[in-house]
$ cat target.tsv   # TSV, C-alpha atoms
chain	number	residue	atom	x	y	z
A	1	MET	CA	-22.21	4.35	-20.88
A	2	VAL	CA	-18.68	5.78	-20.64
A	3	LEU	CA	-17.71	3.41	-17.83
A	4	ASN	CA	-19.13	0.47	-19.79
A	5	LEU	CA	-16.87	1.32	-22.73
A	6	VAL	CA	-13.84	1.81	-20.48
A	7	TRP	CA	-14.39	-1.55	-18.75
A	8	LEU	CA	-14.93	-3.39	-22.03
A	9	GLY	CA	-11.94	-1.62	-23.51
A	10	PHE	CA	-9.63	-2.99	-20.80
A	11	PHE	CA	-10.53	-6.59	-21.67
A	12	VAL	CA	-10.61	-6.23	-25.46
A	13	SER	CA	-7.33	-4.32	-25.65
A	14	ALA	CA	-5.67	-6.76	-23.22
A	15	PHE	CA	-6.76	-9.70	-25.39
A	16	ALA	CA	-5.52	-7.98	-28.57
A	17	ILE	CA	-2.14	-7.19	-26.99
A	18	ALA	CA	-1.88	-10.76	-25.75
A	19	LEU	CA	-2.58	-12.09	-29.25
A	20	PHE	CA	0.19	-9.89	-30.61
A	21	GLN	CA	2.59	-11.21	-27.98
A	22	LEU	CA	1.52	-14.78	-28.73
A	23	MET	CA	2.41	-14.28	-32.37
A	24	GLN	CA	5.80	-13.03	-31.20
A	25	GLY	CA	6.38	-16.38	-29.51
A	26	ASP	CA	5.23	-15.66	-25.95
A	27	LEU	CA	3.33	-18.89	-25.14
A	28	GLU	CA	2.78	-17.94	-21.48
A	29	VAL	CA	0.90	-14.70	-22.06
A	30	PHE	CA	-2.63	-16.09	-21.73
A	31	SER	CA	-1.62	-18.02	-18.62
A	32	ARG	CA	-0.46	-14.75	-17.04
A	33	LEU	CA	-3.74	-13.05	-17.93
A	34	GLN	CA	-5.77	-15.89	-16.44
A	35	THR	CA	-3.76	-15.87	-13.22
A	36	ALA	CA	-4.12	-12.10	-12.94
A	37	LEU	CA	-7.88	-12.37	-13.52
A	38	PHE	CA	-8.46	-14.89	-10.74
A	39	ASP	CA	-6.10	-13.20	-8.28
A	40	ALA	CA	-7.83	-9.85	-8.83
A	41	ALA	CA	-11.25	-11.34	-8.13
A	42	LYS	CA	-9.99	-12.73	-4.82
A	43	THR	CA	-8.29	-9.45	-3.90
A	44	GLY	CA	-11.45	-7.45	-4.62
A	45	PHE	CA	-13.50	-9.61	-2.29
A	46	GLU	CA	-10.92	-9.48	0.50
A	47	ILE	CA	-10.64	-5.70	0.35
A	48	SER	CA	-14.41	-5.20	0.32
A	49	LEU	CA	-14.71	-7.54	3.29
A	50	GLY	CA	-12.05	-5.55	5.11
A	51	LEU	CA	-14.11	-2.38	4.58
A	52	THR	CA	-17.11	-3.85	6.42
A	53	GLY	CA	-15.78	-3.06	9.88
A	54	MET	CA	-14.74	0.47	8.96
A	55	MET	CA	-18.08	1.29	7.33
A	56	ALA	CA	-19.96	-0.14	10.32
A	57	LEU	CA	-17.84	1.93	12.69
A	58	TRP	CA	-18.36	5.26	10.96
A	59	LEU	CA	-22.00	4.78	10.10
A	60	GLY	CA	-22.59	3.98	13.76
A	61	ILE	CA	-20.65	7.06	14.93
A	62	LEU	CA	-22.48	9.24	12.41
A	63	ARG	CA	-25.84	7.98	13.71
A	64	VAL	CA	-24.81	8.88	17.28
A	65	GLY	CA	-23.79	12.36	16.12
A	66	GLU	CA	-27.14	12.79	14.43
A	67	LYS	CA	-29.08	11.73	17.53
A	68	ALA	CA	-26.86	13.93	19.71
A	69	GLY	CA	-27.81	16.97	17.65
A	70	LEU	CA	-24.29	17.67	16.39
A	71	ILE	CA	-25.40	17.51	12.77
A	72	ASN	CA	-28.18	20.05	13.38
A	73	ALA	CA	-25.77	22.22	15.36
A	74	PHE	CA	-23.37	22.19	12.46
A	75	ALA	CA	-26.23	23.10	10.13
A	76	ARG	CA	-27.01	26.13	12.27
A	77	ALA	CA	-23.35	27.09	12.38
A	78	VAL	CA	-23.00	27.09	8.61
A	79	ASN	CA	-26.34	28.79	7.99
A	80	PRO	CA	-24.78	32.29	7.62
A	81	LEU	CA	-22.46	30.89	4.96
A	82	PHE	CA	-25.16	28.85	3.22
A	83	ARG	CA	-27.48	31.85	3.12
A	84	HIS	CA	-25.10	33.61	0.75
A	85	LEU	CA	-23.94	30.58	-1.23
A	86	PHE	CA	-27.47	29.23	-1.69
A	87	PRO	CA	-29.64	32.36	-1.83
A	88	GLY	CA	-32.50	30.39	-3.40
A	89	VAL	CA	-32.83	28.13	-0.34
A	90	PRO	CA	-34.95	29.66	2.45
A	91	GLN	CA	-33.49	29.75	5.95
A	92	GLY	CA	-34.46	26.64	7.91
A	93	HIS	CA	-35.49	24.71	4.79
A	94	PRO	CA	-34.94	20.90	5.07
A	95	ALA	CA	-32.48	21.14	2.17
A	96	GLN	CA	-29.95	22.83	4.47
A	97	GLY	CA	-29.94	19.96	6.95
A	98	ALA	CA	-29.75	17.37	4.17
A	99	MET	CA	-26.83	19.15	2.49
A	100	THR	CA	-25.05	19.46	5.83
A	101	MET	CA	-25.39	15.73	6.56
A	102	ASN	CA	-24.16	14.88	3.07
A	103	MET	CA	-21.12	17.11	3.44
A	104	SER	CA	-20.45	15.69	6.92
A	105	ALA	CA	-20.40	12.16	5.51
A	106	ASN	CA	-18.05	13.31	2.73
A	107	MET	CA	-15.78	14.97	5.26
A	108	LEU	CA	-15.56	11.68	7.13
A	109	GLY	CA	-14.64	9.90	3.92
A	110	LEU	CA	-17.87	7.85	3.87
A	111	ASP	CA	-18.44	7.96	0.11
A	112	ASN	CA	-21.20	5.37	0.05
A	113	ALA	CA	-22.94	6.76	3.14
A	114	ALA	CA	-22.86	10.24	1.61
A	115	THR	CA	-24.75	9.17	-1.52
A	116	PRO	CA	-28.19	8.57	0.06
A	117	LEU	CA	-27.82	11.79	2.03
A	118	GLY	CA	-26.94	13.64	-1.17
A	119	LEU	CA	-29.98	12.21	-2.95
A	120	LYS	CA	-32.15	13.43	-0.09
A	121	ALA	CA	-30.63	16.90	-0.41
A	122	MET	CA	-31.31	16.93	-4.16
A	123	GLN	CA	-34.94	16.01	-3.55
A	124	GLU	CA	-35.30	18.87	-1.09
A	125	LEU	CA	-33.64	21.30	-3.52
A	126	GLN	CA	-35.87	20.03	-6.32
A	127	SER	CA	-38.92	21.00	-4.26
A	128	LEU	CA	-37.79	24.62	-4.76
A	129	ASN	CA	-37.25	24.19	-8.51
A	130	ASP	CA	-39.73	26.07	-10.75
A	131	LYS	CA	-38.37	24.26	-13.85
A	132	PRO	CA	-38.10	20.59	-12.82
A	133	ASP	CA	-36.10	19.51	-15.89
A	134	THR	CA	-33.46	22.27	-15.49
A	135	ALA	CA	-30.86	22.44	-12.73
A	136	THR	CA	-31.10	25.39	-10.36
A	137	ASN	CA	-28.07	27.38	-9.26
A	138	ALA	CA	-28.32	25.81	-5.79
A	139	GLN	CA	-28.35	22.29	-7.22
A	140	ILE	CA	-25.35	23.03	-9.44
A	141	LEU	CA	-23.30	24.51	-6.61
A	142	PHE	CA	-24.20	21.61	-4.31
A	143	LEU	CA	-23.17	19.04	-6.90
A	144	VAL	CA	-19.93	20.79	-7.88
A	145	LEU	CA	-18.95	21.07	-4.21
A	146	ASN	CA	-19.78	17.37	-3.95
A	147	THR	CA	-17.52	16.49	-6.86
A	148	ALA	CA	-14.76	18.57	-5.27
A	149	GLY	CA	-15.34	16.35	-2.25
A	150	LEU	CA	-13.96	18.09	0.85
A	151	THR	CA	-12.60	15.18	2.90
A	152	LEU	CA	-11.50	15.68	6.49
A	153	ILE	CA	-10.88	11.98	7.13
A	154	PRO	CA	-10.41	9.67	4.10
A	155	THR	CA	-11.86	6.73	6.03
A	156	SER	CA	-12.23	4.24	3.20
A	157	VAL	CA	-8.75	4.94	1.83
A	158	ILE	CA	-7.18	4.55	5.28
A	159	ALA	CA	-8.99	1.23	5.75
A	160	ILE	CA	-7.79	-0.08	2.38
A	161	ARG	CA	-4.20	1.01	3.07
A	162	GLN	CA	-4.26	-0.72	6.45
A	163	THR	CA	-5.68	-3.94	4.96
A	164	ILE	CA	-3.05	-4.04	2.21
A	165	ALA	CA	-0.25	-3.20	4.67
A	166	LEU	CA	-1.21	-6.25	6.72
A	167	LYS	CA	-1.22	-8.41	3.59
A	168	GLN	CA	2.23	-7.09	2.68
A	169	GLY	CA	3.56	-7.84	6.16
A	170	LEU	CA	4.32	-4.24	7.13
A	171	THR	CA	4.59	-3.57	10.85
A	172	GLY	CA	4.14	-0.17	12.43
A	173	PHE	CA	2.53	1.18	9.26
A	174	ASN	CA	0.44	4.32	9.88
A	175	ALA	CA	-2.34	4.33	7.32
A	176	ALA	CA	-3.51	7.75	8.55
A	177	ASP	CA	-0.37	9.58	7.41
A	178	ILE	CA	-2.26	10.79	4.34
A	179	PHE	CA	-4.71	12.74	6.53
A	180	LEU	CA	-3.12	16.18	6.23
A	181	PRO	CA	-1.96	15.84	2.58
A	182	THR	CA	-5.47	14.79	1.61
A	183	LEU	CA	-6.97	17.70	3.54
A	184	VAL	CA	-4.69	20.18	1.77
A	185	ALA	CA	-5.38	18.74	-1.69
A	186	THR	CA	-9.13	18.53	-1.21
A	187	SER	CA	-9.23	22.06	0.23
A	188	ILE	CA	-7.58	23.39	-2.93
A	189	SER	CA	-10.04	21.43	-5.06
A	190	LEU	CA	-13.00	22.72	-3.05
A	191	LEU	CA	-11.82	26.32	-3.28
A	192	SER	CA	-11.39	26.05	-7.04
A	193	ALA	CA	-14.89	24.56	-7.36
A	194	LEU	CA	-16.40	27.34	-5.29
A	195	LEU	CA	-14.57	30.07	-7.19
A	196	ILE	CA	-15.53	28.82	-10.66
A	197	VAL	CA	-19.21	28.43	-9.73
A	198	ALA	CA	-19.24	31.77	-7.96
A	199	LEU	CA	-17.80	33.37	-11.08
A	200	VAL	CA	-20.52	31.86	-13.27
A	201	GLN	CA	-23.37	32.48	-10.83
A	202	ARG	CA	-22.02	35.82	-9.59
A	203	LEU	CA	-22.17	34.81	-5.94
A	204	PRO	CA	-21.12	37.49	-3.42
A	205	LEU	CA	-17.88	35.95	-2.19
A	206	TRP	CA	-16.63	39.35	-1.05
A	207	ARG	CA	-19.05	39.41	1.88
A	208	PRO	CA	-17.45	38.70	5.28
A	209	ALA	CA	-19.92	35.89	6.04
A	210	VAL	CA	-18.50	34.02	3.02
A	211	TRP	CA	-14.79	34.80	2.84
A	212	ALA	CA	-14.12	34.99	6.60
A	213	PRO	CA	-14.78	31.30	7.37
A	214	LEU	CA	-13.06	30.23	4.16
A	215	ALA	CA	-10.04	32.39	4.97
A	216	ALA	CA	-9.91	31.06	8.53
A	217	PHE	CA	-10.02	27.46	7.32
A	218	GLY	CA	-7.40	28.13	4.65
A	219	ALA	CA	-5.15	29.88	7.16
A	220	ALA	CA	-5.39	26.96	9.59
A	221	VAL	CA	-4.57	24.39	6.93
A	222	GLY	CA	-1.83	26.57	5.43
A	223	GLY	CA	-0.27	27.30	8.81
A	224	LEU	CA	-0.19	23.66	9.78
A	225	THR	CA	1.28	22.73	6.42
A	226	TRP	CA	3.97	25.43	6.68
A	227	TRP	CA	4.93	24.31	10.19
A	228	LEU	CA	5.27	20.68	9.15
A	229	ALA	CA	7.27	21.68	6.07
A	230	GLN	CA	9.98	23.13	8.34
A	231	LEU	CA	10.59	19.77	9.98
A	232	PRO	CA	12.75	16.88	8.73
A	233	PRO	CA	10.75	14.56	6.43
A	234	GLU	CA	10.71	11.59	8.82
A	235	GLN	CA	9.60	13.70	11.78
A	236	SER	CA	7.00	15.45	9.62
A	237	ALA	CA	5.60	12.10	8.45
A	238	ARG	CA	5.28	10.89	12.04
A	239	LEU	CA	3.53	14.09	13.10
A	240	ILE	CA	1.14	13.90	10.14
A	241	GLY	CA	0.21	10.38	11.17
A	242	ALA	CA	-0.20	11.45	14.80
A	243	ILE	CA	-2.42	14.40	13.84
A	244	GLY	CA	-4.56	12.20	11.61
A	245	SER	CA	-4.98	9.56	14.30
A	246	GLY	CA	-5.69	12.21	16.93
A	247	VAL	CA	-8.38	13.91	14.85
A	248	ILE	CA	-10.08	10.60	14.15
A	249	LEU	CA	-10.13	9.49	17.79
A	250	GLY	CA	-11.09	12.97	18.98
A	251	LEU	CA	-14.05	13.03	16.63
A	252	VAL	CA	-15.22	9.63	17.85
A	253	VAL	CA	-15.02	10.72	21.50
A	254	LEU	CA	-16.78	14.02	20.72
A	255	PHE	CA	-19.74	12.25	19.13
A	256	LEU	CA	-20.02	9.71	21.95
A	257	VAL	CA	-19.69	12.23	24.78
A	258	ALA	CA	-22.17	14.59	23.12
A	259	GLY	CA	-24.61	11.72	22.80
A	260	ALA	CA	-24.18	10.74	26.44
A	261	LEU	CA	-24.72	14.32	27.59
A	262	ARG	CA	-27.94	14.40	25.56
A	263	ARG	CA	-28.95	11.14	27.29
A	264	VAL	CA	-28.82	9.18	24.08
A	265	ASN	CA	-28.31	5.44	24.45
A	266	VAL	CA	-25.04	5.67	22.54
A	267	TYR	CA	-24.47	1.92	22.40
A	268	ASP	CA	-27.85	1.02	20.90
A	269	THR	CA	-27.76	4.02	18.58
A	270	PHE	CA	-24.29	3.07	17.39
A	271	VAL	CA	-25.39	-0.51	16.73
A	272	ASP	CA	-28.43	0.67	14.75
A	273	GLY	CA	-26.22	2.79	12.50
A	274	ALA	CA	-23.48	0.16	12.25
A	275	LYS	CA	-25.94	-2.45	10.95
A	276	GLU	CA	-25.95	-0.60	7.65
A	277	GLY	CA	-22.18	-1.01	7.30
A	278	PHE	CA	-22.32	-4.62	6.15
A	279	GLY	CA	-24.86	-3.82	3.44
A	280	VAL	CA	-22.78	-0.92	2.16
A	281	ALA	CA	-19.61	-3.04	2.05
A	282	VAL	CA	-21.40	-5.88	0.24
A	283	GLN	CA	-22.67	-3.44	-2.39
A	284	ILE	CA	-19.07	-2.50	-3.18
A	285	ILE	CA	-17.94	-6.08	-3.92
A	286	PRO	CA	-19.23	-6.53	-7.51
A	287	TYR	CA	-18.05	-3.09	-8.63
A	288	LEU	CA	-14.60	-3.48	-7.13
A	289	VAL	CA	-14.16	-7.04	-8.41
A	290	ALA	CA	-15.29	-6.03	-11.91
A	291	MET	CA	-12.85	-3.15	-12.20
A	292	LEU	CA	-9.94	-4.90	-10.47
A	293	CYS	CA	-10.23	-7.84	-12.85
A	294	ALA	CA	-10.28	-5.61	-15.92
A	295	ILE	CA	-7.29	-3.59	-14.71
A	296	ALA	CA	-5.33	-6.70	-13.71
A	297	VAL	CA	-5.81	-8.31	-17.14
A	298	PHE	CA	-4.84	-5.09	-18.91
A	299	ARG	CA	-1.74	-4.69	-16.73
A	300	ALA	CA	-0.73	-8.35	-17.16
A	301	SER	CA	-0.90	-7.91	-20.95
A	302	GLY	CA	1.61	-5.06	-20.76
A	303	GLY	CA	-0.88	-2.44	-21.95
A	304	MET	CA	-0.55	-0.30	-18.83
A	305	ASP	CA	3.24	-0.26	-19.21
A	306	TRP	CA	2.91	1.00	-22.78
A	307	ILE	CA	0.65	3.86	-21.72
A	308	MET	CA	2.87	4.83	-18.79
A	309	GLN	CA	5.97	4.76	-20.98
A	310	GLY	CA	4.28	7.09	-23.48
A	311	ILE	CA	3.24	9.55	-20.77
A	312	ALA	CA	6.66	9.32	-19.14
A	313	THR	CA	8.31	10.23	-22.42
A	314	VAL	CA	6.18	13.37	-22.74
A	315	VAL	CA	6.69	14.37	-19.09
A	316	SER	CA	10.44	13.78	-19.26
A	317	ALA	CA	10.65	15.93	-22.37
A	318	PHE	CA	9.58	18.88	-20.20
A	319	GLY	CA	12.20	18.01	-17.57
A	320	LEU	CA	9.60	16.98	-14.96
A	321	PRO	CA	9.84	14.05	-12.50
A	322	THR	CA	8.00	10.88	-13.48
A	323	ASP	CA	7.72	8.90	-10.24
A	324	PHE	CA	4.12	10.05	-9.74
A	325	LEU	CA	2.93	8.63	-13.07
A	326	PRO	CA	1.74	5.23	-11.78
A	327	ALA	CA	-0.81	7.11	-9.66
A	328	LEU	CA	-2.09	9.30	-12.50
A	329	PRO	CA	-4.63	6.74	-13.87
A	330	VAL	CA	-6.37	6.85	-10.48
A	331	GLY	CA	-7.18	10.52	-10.97
A	332	LEU	CA	-8.32	10.05	-14.56
A	333	MET	CA	-10.54	7.10	-13.62
A	334	LYS	CA	-11.94	8.86	-10.54
A	335	ILE	CA	-13.72	11.31	-12.83
A	336	LEU	CA	-15.59	8.34	-14.33
A	337	SER	CA	-15.98	5.85	-11.52
A	338	GLY	CA	-15.22	5.68	-7.81
A	339	SER	CA	-15.06	1.89	-7.84
A	340	GLY	CA	-12.82	1.97	-10.90
A	341	ALA	CA	-10.46	4.46	-9.27
A	342	ARG	CA	-10.49	2.41	-6.08
A	343	GLY	CA	-9.47	-0.60	-8.13
A	344	LEU	CA	-6.63	1.31	-9.77
A	345	MET	CA	-5.46	2.60	-6.39
A	346	VAL	CA	-5.39	-0.93	-5.00
A	347	ASP	CA	-3.51	-2.06	-8.08
A	348	VAL	CA	-0.86	0.63	-7.54
A	349	MET	CA	-0.51	-0.36	-3.87
A	350	ASN	CA	-0.17	-4.03	-4.73
A	351	THR	CA	2.29	-3.37	-7.56
A	352	TYR	CA	4.58	-0.78	-5.97
A	353	GLY	CA	3.91	-1.39	-2.27
A	354	VAL	CA	1.46	0.45	-0.04
A	355	ALA	CA	4.28	2.53	1.51
A	356	SER	CA	5.70	3.64	-1.86
A	357	PHE	CA	5.46	7.18	-3.20
A	358	PRO	CA	3.14	6.24	-6.13
A	359	ALA	CA	0.82	4.52	-3.64
A	360	GLN	CA	0.83	7.57	-1.37
A	361	VAL	CA	-0.06	9.89	-4.25
A	362	ALA	CA	-2.75	7.47	-5.44
A	363	ALA	CA	-4.25	7.45	-1.94
A	364	ILE	CA	-4.27	11.27	-1.81
A	365	ILE	CA	-5.97	11.46	-5.20
A	366	GLN	CA	-8.55	8.84	-4.21
A	367	GLY	CA	-9.24	10.60	-0.92
A	368	SER	CA	-9.45	14.14	-2.29
A	369	THR	CA	-11.41	13.81	-5.55
A	370	GLU	CA	-14.89	12.62	-6.44
A	371	THR	CA	-16.62	10.70	-9.23
A	372	THR	CA	-17.92	13.58	-11.32
A	373	PHE	CA	-19.87	11.70	-13.99
A	374	TYR	CA	-21.34	9.30	-11.45
A	375	VAL	CA	-22.44	12.06	-9.08
A	376	LEU	CA	-23.98	14.16	-11.84
A	377	ALA	CA	-25.75	11.18	-13.42
A	378	VAL	CA	-27.13	9.76	-10.18
A	379	TYR	CA	-28.01	12.99	-8.41
A	380	PHE	CA	-29.59	14.77	-11.37
A	381	GLY	CA	-31.19	11.55	-12.57
A	382	SER	CA	-32.83	10.97	-9.19
A	383	VAL	CA	-34.90	14.16	-9.56
A	384	GLY	CA	-35.39	14.11	-13.35
A	385	VAL	CA	-33.10	17.03	-14.20
A	386	LYS	CA	-31.98	16.87	-17.84
A	387	GLN	CA	-30.58	20.36	-18.45
A	388	THR	CA	-27.48	20.47	-16.22
A	389	ARG	CA	-26.30	23.87	-17.55
A	390	HIS	CA	-22.74	24.67	-16.37
A	391	ALA	CA	-22.48	21.87	-13.79
A	392	LEU	CA	-20.22	19.51	-15.78
A	393	ALA	CA	-17.77	22.17	-16.97
A	394	CYS	CA	-17.33	23.58	-13.46
A	395	ALA	CA	-16.94	20.10	-11.96
A	396	LEU	CA	-14.29	19.05	-14.49
A	397	PHE	CA	-12.35	22.24	-13.82
A	398	ALA	CA	-12.27	21.41	-10.11
A	399	ASP	CA	-11.24	17.82	-10.93
A	400	VAL	CA	-8.20	18.93	-12.92
A	401	VAL	CA	-7.14	21.34	-10.17
A	402	GLY	CA	-7.63	18.61	-7.57
A	403	ILE	CA	-5.49	16.05	-9.39
A	404	VAL	CA	-2.65	18.53	-9.94
A	405	ALA	CA	-2.88	19.62	-6.31
A	406	ALA	CA	-2.76	16.01	-5.09
A	407	VAL	CA	0.45	15.34	-7.03
A	408	LEU	CA	2.13	18.53	-5.83
A	409	VAL	CA	1.05	17.94	-2.24
A	410	GLY	CA	2.41	14.39	-2.46
A	411	TYR	CA	5.81	15.77	-3.43
A	412	ALA	CA	5.64	18.39	-0.69
A	413	PHE	CA	4.89	15.92	2.10
A	414	PHE	CA	6.53	12.64	1.08
A	415	THR	CA	9.73	13.52	-0.82

$ encode --input "target.tsv" --output "structure tokens"
Amino acid sequence: MVLNLVWLGFFVSAFAIALFQLMQGDLEVFSRLQTALFDAAKTGFEISLGLTGMMALWLGILRVGEKAGLINAFARAVNPLFRHLFPGVPQGHPAQGAMTMNMSANMLGLDNAATPLGLKAMQELQSLNDKPDTATNAQILFLVLNTAGLTLIPTSVIAIRQTIALKQGLTGFNAADIFLPTLVATSISLLSALLIVALVQRLPLWRPAVWAPLAAFGAAVGGLTWWLAQLPPEQSARLIGAIGSGVILGLVVLFLVAGALRRVNVYDTFVDGAKEGFGVAVQIIPYLVAMLCAIAVFRASGGMDWIMQGIATVVSAFGLPTDFLPALPVGLMKILSGSGARGLMVDVMNTYGVASFPAQVAAIIQGSTETTFYVLAVYFGSVGVKQTRHALACALFADVVGIVAAVLVGYAFFT
């Protein structure tokens, strides 16, 4: 309902602004809106088509990892942590494996692949629910962690950046240079989500099985960030890109070698998983086209410029920099809609250039935050939960922290 109003609002407000400009003597305004509308529809299709290969690749690799037993091994590894975070889930329950696979897909940046896995996890958690219409603590924590969206590799964002870079004629562009900034921002978001839920649910975060792995992960990310911060910006950017590319290729090789050692037919298994990639990419097309068209018309009318000028005035009054502002709508829209935020991110990249600072911040925000209202509506709706208790408040808190962190991290790494 909220997204419907937002989408309709883009068109209606754009038309109203255009009428005002027409009365001021601008006879070309509707021509600009029409051109923007048709160009956006074409751009949405091209970007979705470009995602097909990337989705096929990672869905295939994920299937190999599943057959090789890496997903189950990871589930066993995180069981000591899950036992304390999800005390209502018995050890070895299918919900643990389903949650692990969902989080693995999120870590690989496979938003659309993670959704069916998340729905499966919710179904398994619902089987433990004594009050089917009311969310359990385990379901709330799982969903809030989902909305925080820990992303190791922002696959979809990297693919979109690479596609747009080719369209803009950039050579030598490293679309993976947002790997580490995204990891830092999403780690902060995840930690804030965990802390707020733990506070409400009184989870025992002081136990070594909980804080030790979190502290180790935070120390690794913090140490790497500190080391890179000591280097000149250009050298740091190259190293970030190299680390991102190395992690991606290393993960691919790990999955394939593990599958071969387990005598899995890695080629056939990969192909079976990759077949789903086309279907996933096709499903994105109507959503991306719809939102890109609405945003393009609104921007062509001058409405986006008015909003940005108003926000810039407020930010400047506090003596803060304003060059991140074009990316801010991505974070606000991401709370409502992933496809809408993706459309805004693409719009920023097309308007300012994919290598620009606003585009970099927009990519970090897109890669490190999740669609809160969508996730809560779909996941809770799939199991008939109506009383969501503290889920929304905790998720929105993590969203705000994540957006602020993404902006600050963008300044730390790219300026």

$ closest_residue --input "target.tsv" --among "A:Ala159, A:Ala68, A:Ile188, A:Ala362" --to "Leu261 in chain A" --atoms "only C-alpha atoms"
A:Ala68

$ atom_distance --input "target.tsv" --atom1 "CA of Gly381 in chain A" --atom2 "CA of Ala135 in chain A"
10.9 Å

$ closest_residue --input "target.tsv" --among "A:Thr100, A:Ser48, A:Asn72, A:Thr369" --to "Pro286 in chain A" --atoms "only C-alpha atoms"
A:Ser48

$ closest_residue --input "target.tsv" --among "A:Ile365, A:Ala148, A:Ala391, A:Leu119" --to "Phe324 in chain A" --atoms "all atoms listed in the file"
A:Ile365

$ residues_around --input "target.tsv" --residues "Phe86 in chain A" --least-positions-apart "2" --cutoff "12 Å" --atoms "only C-alpha atoms" --output "ChimeraX atom specification"
/A:78-84,88-91,93,95-96,99,125,128,136-142,194,197-198,201-205,210

$ write_last_selection --input "target.tsv" --atoms "C-alpha atoms" --output "CSV table (one decimal), in the frame of the given file"
chain,number,residue,atom,x,y,z
A,78,VAL,CA,-23.0,27.1,8.6
A,79,ASN,CA,-26.3,28.8,8.0
A,80,PRO,CA,-24.8,32.3,7.6
A,81,LEU,CA,-22.5,30.9,5.0
A,82,PHE,CA,-25.2,28.8,3.2
A,83,ARG,CA,-27.5,31.8,3.1
A,84,HIS,CA,-25.1,33.6,0.8
A,88,GLY,CA,-32.5,30.4,-3.4
A,89,VAL,CA,-32.8,28.1,-0.3
A,90,PRO,CA,-35.0,29.7,2.4
A,91,GLN,CA,-33.5,29.8,6.0
A,93,HIS,CA,-35.5,24.7,4.8
A,95,ALA,CA,-32.5,21.1,2.2
A,96,GLN,CA,-30.0,22.8,4.5
A,99,MET,CA,-26.8,19.2,2.5
A,125,LEU,CA,-33.6,21.3,-3.5
A,128,LEU,CA,-37.8,24.6,-4.8
A,136,THR,CA,-31.1,25.4,-10.4
A,137,ASN,CA,-28.1,27.4,-9.3
A,138,ALA,CA,-28.3,25.8,-5.8
A,139,GLN,CA,-28.4,22.3,-7.2
A,140,ILE,CA,-25.4,23.0,-9.4
A,141,LEU,CA,-23.3,24.5,-6.6
A,142,PHE,CA,-24.2,21.6,-4.3
A,194,LEU,CA,-16.4,27.3,-5.3
A,197,VAL,CA,-19.2,28.4,-9.7
A,198,ALA,CA,-19.2,31.8,-8.0
A,201,GLN,CA,-23.4,32.5,-10.8
A,202,ARG,CA,-22.0,35.8,-9.6
A,203,LEU,CA,-22.2,34.8,-5.9
A,204,PRO,CA,-21.1,37.5,-3.4
A,205,LEU,CA,-17.9,36.0,-2.2
A,210,VAL,CA,-18.5,34.0,3.0
